[in-house]
2 protein chains.
Amino acid sequence: MPGAIEQVQGGSITTPRGFSAGATAAGIKTHGDEKLDLGLLYSDRPCSWAGTFTTNKVKSPSVVYDQNIPADAAIRGVVVTAGIANACVGAQGLTDAKEMADLAADHMGVDRGSVLVGSTGVIGVELPMALIRASIPTIGLADDGGLDLSKSIMTTDTHHKYAAVQFSVGSSTVSIGGIAKGVGMIHPNMATMLCFLGTDAAVAQPLLQKMLSGAVDDSLNMLSVDGDTSTNDMAVILANGASDAPAIVEGSPEAETFQAALNELCVELTKQLAADGEGATHLIEVQVEGAGSVQDARAAAKTVVSSSLVKSAVHGADPNWGRILAALGRSGADVDEEKVALYINDVCIMEGGVPIPFHKEAVVSLMRRDQVTFRIGMGLGTASATAWGCDLTEAYVVINSAYTT
Amino acid sequence: MPGAIEQVQGGSITTPRGFSAGATAAGIKTHGDEKLDLGLLYSDRPCSWAGTFTTNKVKSPSVVYDQNIPADAAIRGVVVTAGIANACVGAQGLTDAKEMADLAADHMGVDRGSVLVGSTGVIGVELPMALIRASIPTIGLADDGGLDLSKSIMTTDTHHKYAAVQFSVGSSTVSIGGIAKGVGMIHPNMATMLCFLGTDAAVAQPLLQKMLSGAVDDSLNMLSVDGDTSTNDMAVILANGASDAPAIVEGSPEAETFQAALNELCVELTKQLAADGEGATHLIEVQVEGAGSVQDARAAAKTVVSSSLVKSAVHGADPNWGRILAALGRSGADVDEEKVALYINDVCIMEGGVPIPFHKEAVVSLMRRDQVTFRIGMGLGTASATAWGCDLTEAYVVINSAYTT
């Protein structure tokens, strides 16, 4: 039984002690209202770190740079650019990632090699290093700089994403905070988009990696906006131990609480990402219960939430539940049609594989809510999973039909 | 070297000798301009038959009914309904499929059990059997009825799809003709949508199945409109031997020509389906060359053509080629970024993994054409594959946000 976990109102990655952050408008972004596009995260002491990265075989050198950093390295911060992905630019990409990391390390007065790099934006364009060289030294770091940092990583996001949670370890309070950005090319597979997390708990490798991977599997990896896995996905956590709580060790009640808090934080950021999917007007949550295995439950939930037809139906508040069954059937999960039950926002639409008469107008009005939940009972076992996504709208097409022109 | 193959102008499934067809407006369809919704195909003599069917685990009983017919059965015709899919309706679905097949057999004066069934339309609604019982006996069969039949299977299709090819076997002419319908819930996996093919060649099982499966793998299975695999997909071929050509046997030059002709026909129907994808304004063709294996080539081509971001970029004539690389990287195919070459309508955009400077306006104007072709050189081997799809438009969302309401 994990201990009590509280959400921190307005919290972000600088909520945990010892972290500060800042950002500037370097001129990398050419789209969008938000001009901050170059950000720094700093920890006043060395951090253990863990990360999950895109499985796309075409990877940004910014991802490759981080993956080459040893798991036992002591990390002091992160530098992030938005507007240009630093992907598909040949050998120059890794050169630029390293220079950016070194510039950030020098500015923050920490060892070169102790700063992670993240990038997001248009693929196939080189980073404007002259702008970045001129701008990094101008970035000030503030204890409440997490919100600026969360703004600086936005691309087509309409608002910034941030959250933090707290729980007690003995008489100490431990915080985990995070920021994330979406909101297109999102169909994570082992990791997703940019998500930076920090905690003032002391958690060593490999436990930190294990807990991050566990949280990501149940949150960011269960998110789909448009079926496309990015070249730049990463979720990274830094643990600096700045709280006075004793180190969290594997198998302890504190580890259980930390895992629960980290999951809650990642789910919260995931829902923020889903609700702000490109062009989205509804958050879709798909809960699969009674599946034969967790793998099946995840496949089923993620396939349904990814279906263009299901997403379009939600956009039009059309209870066209046959599309949910069709998606379920192609998900790869074991499905016995005669055992399937389906609920739309808790109204039973189908049971035992056949439709139940329902008052269409009532369901349509439920589907007009900001969040639409589909609960699917598979009737085959005890495994469950939840996935998040958003509706498919005309605005998605408009946004993505002229992204570089 | 296959013999010469000619397209038959205006040809369809009734181009091969011995086939006739007809359709009526039974009142099953409630959407769309085309009211024909119940069709029959008839062969004046017994046919060998082969089929490929949806791999969706949620299957229409109309599919299940056909799959239960023995491979060596002598088939005399097909009955098809459009407007209602006869899927997710419980046990009644199989009862209705069988009754419909029997009604059609009785009307055409052939043995019960010798008529295949196809259905397409809304999932979760029972077939209106009273209408079907009243209407089947009114359907007249005509030697040029293939075009009416092709109209009667339309759902959101904006026009009917038909084609035929001919080639010589000795002094005889052999024809293969077909009709097909799309145009949403299309992401075939071992079969696709409704596609009915007929030939007056004599081709016995299992060769007919082998040749159909081969053709489908290179055509209908390489088509994606929206990533959703239907519950009702089927591609079926009937061979009635009504031409005076000798039977086609495995390993003969005639078999090679038949396979090439069947492939050409299926590719033609596939392109018609792709071009008429829901809301589509462009046909997209993705040619992958130099892949390490055919499996990789197919995965790469199909992933790129299925990407919502690539599809949206084509809609906006935006040469945002980074999205093609991102899709390639998540396709599961082996990719060595440094060896990738990319051509948009024969203009080289990328070589050796880095962008080549191009005149954007020139490429944008190429992308405004009705067909946009992406050619991708993987630089890893000799395998190739082609996939077809369409752009993602606001109209797709509009069509699918209010399909049942």
# chains A, B, ... in the order shown; residues from 1 in each chain; ligands from 1

$ interface_residues --of "chain B" --to "chain A" --cutoff "7 Å" --atoms "only C-alpha atoms" --output "PyMOL selection string"
chain B and resi 56-58+88-90+123-124+226+228-231+307-309+312-316+318+320+322+325-327+329-330+335+337+353-355+392-394+397+400-402+404-405

$ calpha_fit_and_write --fixed "chain B" --moving "chain A" --output "compact mmCIF listing (two decimals) with C-alpha atoms, in the first residue's frame"
# COMPACT_ATOMS: atom_id res chain seq x y z
CA MET A 1 8.43 -13.29 -69.77
CA PRO A 2 4.66 -13.00 -69.53
CA GLY A 3 2.64 -12.52 -72.70
CA ALA A 4 1.10 -9.19 -73.71
CA ILE A 5 -1.67 -7.96 -71.42
CA GLU A 6 -4.27 -5.44 -72.49
CA GLN A 7 -6.59 -3.36 -70.38
CA VAL A 8 -10.22 -3.61 -71.53
CA GLN A 9 -11.78 -0.16 -71.77
CA GLY A 10 -14.91 -0.06 -69.58
CA GLY A 11 -14.34 -3.67 -68.60
CA SER A 12 -15.55 -5.15 -65.34
CA ILE A 13 -16.38 -8.47 -63.76
CA THR A 14 -18.83 -9.28 -66.55
CA THR A 15 -16.17 -8.87 -69.24
CA PRO A 16 -15.07 -12.52 -68.96
CA ARG A 17 -17.48 -14.80 -70.78
CA GLY A 18 -20.16 -16.62 -68.87
CA PHE A 19 -20.65 -14.02 -66.14
CA SER A 20 -23.69 -11.82 -65.73
CA ALA A 21 -24.76 -9.53 -62.95
CA GLY A 22 -27.44 -7.18 -61.70
CA ALA A 23 -28.44 -5.06 -58.76
CA THR A 24 -31.40 -3.34 -57.16
CA ALA A 25 -32.17 -0.65 -54.60
CA ALA A 26 -33.53 -2.67 -51.71
CA GLY A 27 -33.51 0.20 -49.23
CA ILE A 28 -30.56 -1.01 -47.14
CA LYS A 29 -28.47 2.12 -47.73
CA THR A 30 -29.55 5.28 -45.99
CA HIS A 31 -26.50 7.36 -46.94
CA GLY A 32 -25.02 8.43 -50.24
CA ASP A 33 -26.29 9.26 -53.69
CA GLU A 34 -26.02 5.74 -55.06
CA LYS A 35 -29.12 3.79 -54.10
CA LEU A 36 -28.30 0.36 -55.60
CA ASP A 37 -27.44 -1.73 -52.54
CA LEU A 38 -28.13 -5.39 -53.29
CA GLY A 39 -26.28 -7.12 -56.10
CA LEU A 40 -25.87 -10.53 -57.69
CA LEU A 41 -23.07 -12.07 -59.72
CA TYR A 42 -23.88 -15.21 -61.73
CA SER A 43 -21.78 -17.64 -63.71
CA ASP A 44 -23.50 -19.80 -66.33
CA ARG A 45 -21.32 -22.71 -65.30
CA PRO A 46 -19.55 -23.90 -62.13
CA CYS A 47 -16.45 -22.00 -61.05
CA SER A 48 -13.39 -22.88 -59.07
CA TRP A 49 -12.90 -20.15 -56.48
CA ALA A 50 -10.35 -18.61 -54.17
CA GLY A 51 -10.53 -15.87 -51.57
CA THR A 52 -8.53 -13.85 -49.09
CA PHE A 53 -10.34 -12.56 -46.05
CA THR A 54 -9.87 -10.03 -43.28
CA THR A 55 -7.56 -11.04 -40.45
CA ASN A 56 -9.58 -8.90 -38.06
CA LYS A 57 -10.58 -11.17 -35.16
CA VAL A 58 -13.96 -9.49 -35.16
CA LYS A 59 -15.37 -10.78 -38.45
CA SER A 60 -18.65 -10.29 -40.21
CA PRO A 61 -20.66 -13.55 -40.38
CA SER A 62 -20.78 -12.86 -44.13
CA VAL A 63 -17.02 -13.48 -44.13
CA VAL A 64 -17.34 -16.49 -41.84
CA TYR A 65 -20.02 -17.97 -44.13
CA ASP A 66 -17.67 -17.84 -47.13
CA GLN A 67 -14.72 -19.17 -45.16
CA ASN A 68 -16.79 -22.21 -44.26
CA ILE A 69 -17.34 -23.07 -47.92
CA PRO A 70 -14.90 -25.81 -49.02
CA ALA A 71 -12.02 -24.71 -51.25
CA ASP A 72 -13.01 -27.35 -53.81
CA ALA A 73 -16.66 -26.30 -53.96
CA ALA A 74 -18.16 -25.39 -57.34
CA ILE A 75 -19.35 -21.78 -57.05
CA ARG A 76 -22.06 -20.24 -59.19
CA GLY A 77 -22.32 -16.69 -57.91
CA VAL A 78 -22.14 -14.01 -55.25
CA VAL A 79 -24.73 -11.94 -53.39
CA VAL A 80 -23.67 -8.63 -51.84
CA THR A 81 -25.32 -6.02 -49.64
CA ALA A 82 -24.07 -2.50 -48.99
CA GLY A 83 -25.18 -0.14 -46.25
CA ILE A 84 -25.08 -2.63 -43.40
CA ALA A 85 -22.03 -4.75 -42.65
CA ASN A 86 -23.80 -7.68 -40.95
CA ALA A 87 -21.10 -7.50 -38.25
CA CYS A 88 -21.34 -7.53 -34.42
CA VAL A 89 -24.94 -8.68 -34.40
CA GLY A 90 -24.54 -11.98 -32.58
CA ALA A 91 -25.78 -15.33 -33.88
CA GLN A 92 -28.36 -13.67 -36.14
CA GLY A 93 -25.58 -12.63 -38.50
CA LEU A 94 -24.72 -16.12 -39.70
CA THR A 95 -28.41 -17.03 -39.98
CA ASP A 96 -28.96 -13.98 -42.19
CA ALA A 97 -25.87 -14.64 -44.33
CA LYS A 98 -27.03 -18.18 -45.03
CA GLU A 99 -30.62 -17.12 -45.78
CA MET A 100 -29.34 -14.45 -48.16
CA ALA A 101 -27.12 -16.98 -49.95
CA ASP A 102 -30.01 -19.43 -50.21
CA LEU A 103 -32.43 -16.78 -51.51
CA ALA A 104 -29.88 -15.81 -54.17
CA ALA A 105 -29.25 -19.43 -55.13
CA ASP A 106 -32.98 -20.11 -55.46
CA HIS A 107 -33.50 -16.99 -57.57
CA MET A 108 -30.59 -17.83 -59.89
CA GLY A 109 -31.61 -21.49 -60.09
CA VAL A 110 -28.35 -22.87 -58.75
CA ASP A 111 -27.55 -25.20 -55.86
CA ARG A 112 -27.79 -23.81 -52.36
CA GLY A 113 -24.26 -23.60 -50.98
CA SER A 114 -22.82 -22.49 -54.33
CA VAL A 115 -23.28 -18.74 -53.70
CA LEU A 116 -20.80 -16.58 -51.77
CA VAL A 117 -21.92 -13.66 -49.58
CA GLY A 118 -20.39 -10.20 -49.09
CA SER A 119 -21.54 -7.30 -46.92
CA THR A 120 -20.29 -3.78 -46.21
CA GLY A 121 -21.57 -0.81 -44.27
CA VAL A 122 -22.42 0.12 -40.70
CA ILE A 123 -21.34 -2.35 -38.03
CA GLY A 124 -23.73 -3.47 -35.30
CA VAL A 125 -27.00 -3.34 -37.19
CA GLU A 126 -28.91 -6.44 -38.32
CA LEU A 127 -29.61 -6.91 -42.02
CA PRO A 128 -33.18 -5.92 -42.97
CA MET A 129 -34.08 -9.40 -44.12
CA ALA A 130 -37.66 -8.51 -45.05
CA LEU A 131 -36.33 -6.02 -47.62
CA ILE A 132 -33.78 -8.53 -48.87
CA ARG A 133 -36.37 -11.32 -49.18
CA ALA A 134 -38.61 -9.04 -51.22
CA SER A 135 -35.81 -7.68 -53.41
CA ILE A 136 -33.63 -10.59 -54.45
CA PRO A 137 -36.30 -12.11 -56.74
CA THR A 138 -36.58 -8.78 -58.58
CA ILE A 139 -32.93 -8.63 -59.67
CA GLY A 140 -32.40 -9.16 -63.37
CA LEU A 141 -29.07 -10.47 -64.64
CA ALA A 142 -27.37 -8.92 -67.66
CA ASP A 143 -24.19 -9.69 -69.58
CA ASP A 144 -23.13 -6.08 -69.04
CA GLY A 145 -24.41 -5.93 -65.45
CA GLY A 146 -20.94 -5.65 -63.90
CA LEU A 147 -21.11 -1.86 -63.71
CA ASP A 148 -24.44 -1.94 -61.89
CA LEU A 149 -22.99 -4.50 -59.52
CA SER A 150 -19.97 -2.27 -58.93
CA LYS A 151 -22.34 0.59 -58.05
CA SER A 152 -24.39 -1.54 -55.68
CA ILE A 153 -21.41 -2.24 -53.41
CA MET A 154 -20.46 1.42 -52.89
CA THR A 155 -20.67 2.97 -49.43
CA THR A 156 -18.71 6.23 -49.00
CA ASP A 157 -17.14 5.68 -52.42
CA THR A 158 -17.70 8.68 -54.68
CA HIS A 159 -17.58 6.52 -57.80
CA HIS A 160 -17.63 2.85 -58.69
CA LYS A 161 -14.47 0.86 -59.37
CA TYR A 162 -14.08 -1.63 -62.17
CA ALA A 163 -11.42 -2.89 -64.54
CA ALA A 164 -10.62 -5.81 -66.81
CA VAL A 165 -7.60 -7.18 -68.62
CA GLN A 166 -7.18 -9.61 -71.51
CA PHE A 167 -4.40 -11.76 -72.86
CA SER A 168 -4.02 -14.59 -75.33
CA VAL A 169 -3.62 -18.25 -74.57
CA GLY A 170 -2.76 -19.83 -77.91
CA SER A 171 -5.49 -18.69 -80.27
CA SER A 172 -7.93 -17.96 -77.46
CA THR A 173 -8.51 -14.75 -75.55
CA VAL A 174 -8.75 -14.96 -71.78
CA SER A 175 -10.26 -12.17 -69.67
CA ILE A 176 -10.07 -11.29 -66.02
CA GLY A 177 -12.39 -8.61 -64.73
CA GLY A 178 -13.14 -7.15 -61.35
CA ILE A 179 -15.00 -4.67 -59.25
CA ALA A 180 -14.12 -3.26 -55.85
CA LYS A 181 -15.34 -0.83 -53.25
CA GLY A 182 -13.58 1.11 -50.49
CA VAL A 183 -13.11 3.61 -49.15
CA GLY A 184 -12.82 3.86 -45.35
CA MET A 185 -11.68 1.40 -42.68
CA ILE A 186 -9.04 0.31 -45.15
CA HIS A 187 -5.75 -1.08 -43.98
CA PRO A 188 -5.72 -4.56 -45.38
CA ASN A 189 -3.91 -7.37 -43.76
CA MET A 190 -4.13 -10.52 -45.90
CA ALA A 191 -7.13 -9.13 -47.77
CA THR A 192 -9.09 -5.95 -48.14
CA MET A 193 -12.46 -4.26 -48.61
CA LEU A 194 -14.77 -5.95 -51.08
CA CYS A 195 -13.17 -7.03 -54.32
CA PHE A 196 -14.83 -9.51 -56.66
CA LEU A 197 -12.92 -10.91 -59.59
CA GLY A 198 -13.95 -13.24 -62.35
CA THR A 199 -12.16 -14.97 -65.18
CA ASP A 200 -13.21 -17.16 -68.06
CA ALA A 201 -9.94 -19.04 -67.81
CA ALA A 202 -10.06 -22.51 -66.37
CA VAL A 203 -7.88 -22.46 -63.26
CA ALA A 204 -8.25 -25.12 -60.61
CA GLN A 205 -7.56 -24.93 -56.90
CA PRO A 206 -4.99 -24.66 -55.32
CA LEU A 207 -3.32 -22.72 -58.15
CA LEU A 208 -6.15 -20.16 -58.23
CA GLN A 209 -5.72 -19.45 -54.51
CA LYS A 210 -1.97 -19.17 -54.88
CA MET A 211 -2.25 -16.69 -57.73
CA LEU A 212 -4.93 -14.63 -55.98
CA SER A 213 -2.88 -14.47 -52.76
CA GLY A 214 0.19 -13.45 -54.73
CA ALA A 215 -1.67 -10.69 -56.52
CA VAL A 216 -3.33 -9.43 -53.34
CA ASP A 217 0.00 -9.26 -51.49
CA ASP A 218 1.34 -6.86 -54.12
CA SER A 219 -1.78 -4.78 -54.54
CA LEU A 220 -4.75 -4.70 -52.16
CA ASN A 221 -2.57 -5.61 -49.18
CA MET A 222 -0.35 -2.63 -50.00
CA LEU A 223 -3.21 -0.15 -49.72
CA SER A 224 -4.07 1.97 -46.73
CA VAL A 225 -6.67 4.68 -46.49
CA ASP A 226 -6.90 5.14 -42.74
CA GLY A 227 -5.11 2.39 -40.86
CA ASP A 228 -8.26 0.56 -39.83
CA THR A 229 -8.72 -3.04 -40.97
CA SER A 230 -12.35 -3.81 -41.71
CA THR A 231 -14.41 -6.63 -40.23
CA ASN A 232 -15.76 -7.40 -43.71
CA ASP A 233 -12.76 -7.45 -46.04
CA MET A 234 -12.70 -9.98 -48.81
CA ALA A 235 -11.19 -10.47 -52.22
CA VAL A 236 -12.70 -13.33 -54.15
CA ILE A 237 -12.07 -14.72 -57.61
CA LEU A 238 -14.27 -17.06 -59.61
CA ALA A 239 -12.85 -18.97 -62.58
CA ASN A 240 -15.52 -20.48 -64.84
CA GLY A 241 -13.49 -21.72 -67.79
CA ALA A 242 -15.99 -20.24 -70.29
CA SER A 243 -13.20 -19.24 -72.66
CA ASP A 244 -12.16 -21.99 -75.02
CA ALA A 245 -8.55 -21.79 -73.82
CA PRO A 246 -7.02 -24.89 -72.30
CA ALA A 247 -6.83 -25.00 -68.53
CA ILE A 248 -4.02 -23.00 -66.98
CA VAL A 249 -1.61 -25.20 -65.10
CA GLU A 250 1.08 -24.40 -62.58
CA GLY A 251 4.54 -23.60 -63.94
CA SER A 252 3.36 -22.93 -67.49
CA PRO A 253 4.04 -19.70 -69.43
CA GLU A 254 0.26 -19.16 -69.41
CA ALA A 255 0.24 -19.30 -65.62
CA GLU A 256 2.95 -16.64 -65.59
CA THR A 257 0.91 -14.44 -67.90
CA PHE A 258 -2.25 -15.04 -65.89
CA GLN A 259 -0.42 -14.04 -62.69
CA ALA A 260 0.93 -10.89 -64.35
CA ALA A 261 -2.53 -10.00 -65.69
CA LEU A 262 -4.16 -10.64 -62.34
CA ASN A 263 -1.54 -8.48 -60.61
CA GLU A 264 -2.08 -5.69 -63.13
CA LEU A 265 -5.84 -5.84 -62.61
CA CYS A 266 -5.52 -5.84 -58.82
CA VAL A 267 -3.04 -2.94 -58.89
CA GLU A 268 -5.44 -0.98 -61.12
CA LEU A 269 -8.35 -1.57 -58.72
CA THR A 270 -6.07 -0.73 -55.77
CA LYS A 271 -5.13 2.60 -57.33
CA GLN A 272 -8.79 3.37 -58.00
CA LEU A 273 -9.52 2.61 -54.34
CA ALA A 274 -6.62 4.73 -53.08
CA ALA A 275 -7.50 7.71 -55.25
CA ASP A 276 -11.07 7.60 -53.94
CA GLY A 277 -10.08 7.19 -50.26
CA GLU A 278 -12.50 9.01 -48.00
CA GLY A 279 -12.00 12.72 -48.51
CA ALA A 280 -8.93 12.15 -50.69
CA THR A 281 -7.67 14.70 -53.18
CA HIS A 282 -4.37 12.98 -54.08
CA LEU A 283 -3.28 9.43 -54.83
CA ILE A 284 -0.02 8.65 -53.02
CA GLU A 285 2.33 5.98 -54.32
CA VAL A 286 5.32 4.95 -52.23
CA GLN A 287 8.00 2.94 -54.00
CA VAL A 288 10.65 1.36 -51.81
CA GLU A 289 13.76 0.02 -53.50
CA GLY A 290 16.99 -1.50 -52.26
CA ALA A 291 15.51 -2.94 -49.09
CA GLY A 292 17.10 -5.89 -47.32
CA SER A 293 14.03 -8.08 -47.80
CA VAL A 294 10.61 -7.97 -49.43
CA GLN A 295 9.08 -7.99 -45.96
CA ASP A 296 11.11 -4.90 -45.06
CA ALA A 297 10.25 -3.19 -48.35
CA ARG A 298 6.53 -3.80 -47.81
CA ALA A 299 6.65 -2.66 -44.18
CA ALA A 300 8.52 0.50 -45.13
CA ALA A 301 6.24 1.38 -48.06
CA LYS A 302 3.07 0.69 -46.14
CA THR A 303 4.17 2.59 -43.03
CA VAL A 304 5.06 5.67 -45.03
CA VAL A 305 1.81 5.62 -47.01
CA SER A 306 -0.16 5.15 -43.77
CA SER A 307 1.42 7.99 -41.82
CA SER A 308 -1.12 10.66 -40.91
CA LEU A 309 1.64 13.24 -40.99
CA VAL A 310 2.87 12.24 -44.45
CA LYS A 311 -0.74 12.17 -45.67
CA SER A 312 -1.43 15.63 -44.22
CA ALA A 313 1.75 17.00 -45.79
CA VAL A 314 0.67 15.71 -49.20
CA HIS A 315 -2.70 17.36 -48.72
CA GLY A 316 -0.94 20.69 -48.20
CA ALA A 317 1.69 20.02 -50.91
CA ASP A 318 4.27 20.49 -48.14
CA PRO A 319 7.57 18.74 -48.95
CA ASN A 320 8.11 17.94 -45.26
CA TRP A 321 10.28 14.94 -46.06
CA GLY A 322 11.45 14.50 -42.46
CA ARG A 323 8.12 12.85 -41.78
CA ILE A 324 8.88 10.23 -44.42
CA LEU A 325 12.16 9.43 -42.69
CA ALA A 326 10.44 9.29 -39.31
CA ALA A 327 7.84 6.86 -40.68
CA LEU A 328 10.57 4.76 -42.30
CA GLY A 329 12.37 4.59 -38.97
CA ARG A 330 9.36 3.23 -37.12
CA SER A 331 8.32 0.80 -39.83
CA GLY A 332 10.23 -2.15 -38.41
CA ALA A 333 12.32 -2.38 -41.58
CA ASP A 334 16.10 -2.25 -41.38
CA VAL A 335 17.10 1.37 -41.99
CA ASP A 336 20.58 2.81 -42.22
CA GLU A 337 19.92 6.53 -42.21
CA GLU A 338 23.22 7.27 -43.96
CA LYS A 339 22.20 5.19 -46.98
CA VAL A 340 18.72 6.52 -47.55
CA ALA A 341 17.82 8.35 -50.75
CA LEU A 342 14.45 10.01 -51.27
CA TYR A 343 12.78 11.25 -54.43
CA ILE A 344 9.53 13.20 -54.63
CA ASN A 345 8.05 12.71 -58.11
CA ASP A 346 11.58 11.90 -59.34
CA VAL A 347 13.21 14.96 -57.81
CA CYS A 348 15.98 13.91 -55.44
CA ILE A 349 15.36 15.46 -52.02
CA MET A 350 17.82 13.48 -49.91
CA GLU A 351 20.81 11.29 -50.54
CA GLY A 352 23.13 9.51 -48.16
CA GLY A 353 20.89 10.48 -45.28
CA VAL A 354 21.27 14.23 -45.73
CA PRO A 355 18.99 16.69 -47.48
CA ILE A 356 19.91 17.94 -50.92
CA PRO A 357 19.13 21.60 -51.55
CA PHE A 358 16.06 21.79 -53.76
CA HIS A 359 13.89 24.54 -55.10
CA LYS A 360 10.95 24.36 -52.76
CA GLU A 361 8.44 25.96 -55.10
CA ALA A 362 9.29 23.42 -57.80
CA VAL A 363 8.66 20.51 -55.46
CA VAL A 364 5.50 22.10 -54.06
CA SER A 365 4.12 22.38 -57.56
CA LEU A 366 4.96 18.73 -58.26
CA MET A 367 3.10 17.79 -55.10
CA ARG A 368 -0.01 19.57 -56.30
CA ARG A 369 -0.46 16.91 -59.00
CA ASP A 370 -3.22 14.33 -58.61
CA GLN A 371 -0.66 11.65 -57.94
CA VAL A 372 2.34 12.15 -55.66
CA THR A 373 5.06 9.51 -55.80
CA PHE A 374 7.70 9.03 -53.13
CA ARG A 375 10.59 6.80 -54.18
CA ILE A 376 12.81 5.66 -51.36
CA GLY A 377 16.17 3.99 -51.90
CA MET A 378 17.19 2.04 -48.81
CA GLY A 379 20.68 1.17 -50.10
CA LEU A 380 20.69 -2.14 -48.25
CA GLY A 381 19.70 -4.81 -50.77
CA THR A 382 17.63 -5.53 -53.84
CA ALA A 383 14.08 -6.00 -52.56
CA SER A 384 11.32 -3.59 -53.54
CA ALA A 385 7.64 -2.95 -52.91
CA THR A 386 5.02 -0.35 -53.74
CA ALA A 387 2.18 0.86 -51.57
CA TRP A 388 -0.79 3.09 -52.33
CA GLY A 389 -2.80 5.48 -50.26
CA CYS A 390 -4.24 8.96 -50.24
CA ASP A 391 -3.90 12.28 -48.49
CA LEU A 392 -5.61 13.05 -45.20
CA THR A 393 -8.03 15.90 -45.59
CA GLU A 394 -10.53 17.86 -43.55
CA ALA A 395 -13.20 16.04 -45.57
CA TYR A 396 -12.08 12.67 -44.15
CA VAL A 397 -12.81 13.99 -40.68
CA VAL A 398 -16.14 15.45 -41.73
CA ILE A 399 -17.22 12.19 -43.40
CA ASN A 400 -16.26 10.10 -40.41
CA SER A 401 -17.38 12.33 -37.59
CA ALA A 402 -21.04 11.79 -38.40
CA TYR A 403 -21.32 8.43 -40.13
CA THR A 404 -24.17 6.98 -38.09
CA THR A 405 -25.76 10.18 -36.78

$ select_by_dssp --residues "segment 89-121 of chain A" --states "strand (DSSP E)" --output "number ranges by chain"
A: 115-121

$ write_last_selection --atoms "N, CA and C atoms" --output "mmCIF file, in the first residue's frame"
data_model
loop_
_atom_site.group_PDB
_atom_site.id
_atom_site.type_symbol
_atom_site.label_atom_id
_atom_site.label_comp_id
_atom_site.auth_asym_id
_atom_site.auth_seq_id
_atom_site.Cartn_x
_atom_site.Cartn_y
_atom_site.Cartn_z
ATOM 1 N N VAL A 115 25.734 17.145 -18.965
ATOM 2 C CA VAL A 115 24.495 17.804 -19.392
ATOM 3 C C VAL A 115 23.858 16.986 -20.531
ATOM 4 N N LEU A 116 22.578 16.669 -20.366
ATOM 5 C CA LEU A 116 21.825 15.966 -21.400
ATOM 6 C C LEU A 116 21.286 16.963 -22.422
ATOM 7 N N VAL A 117 20.959 16.469 -23.623
ATOM 8 C CA VAL A 117 20.467 17.312 -24.700
ATOM 9 C C VAL A 117 19.113 16.805 -25.173
ATOM 10 N N GLY A 118 18.190 17.711 -25.452
ATOM 11 C CA GLY A 118 16.918 17.349 -26.087
ATOM 12 C C GLY A 118 16.622 18.331 -27.207
ATOM 13 N N SER A 119 15.969 17.843 -28.268
ATOM 14 C CA SER A 119 15.583 18.724 -29.374
ATOM 15 C C SER A 119 14.224 18.299 -29.891
ATOM 16 N N THR A 120 13.480 19.242 -30.443
ATOM 17 C CA THR A 120 12.175 18.931 -31.045
ATOM 18 C C THR A 120 11.860 19.988 -32.079
ATOM 19 N N GLY A 121 11.176 19.575 -33.137
ATOM 20 C CA GLY A 121 10.805 20.536 -34.169
ATOM 21 C C GLY A 121 10.893 19.921 -35.548
#
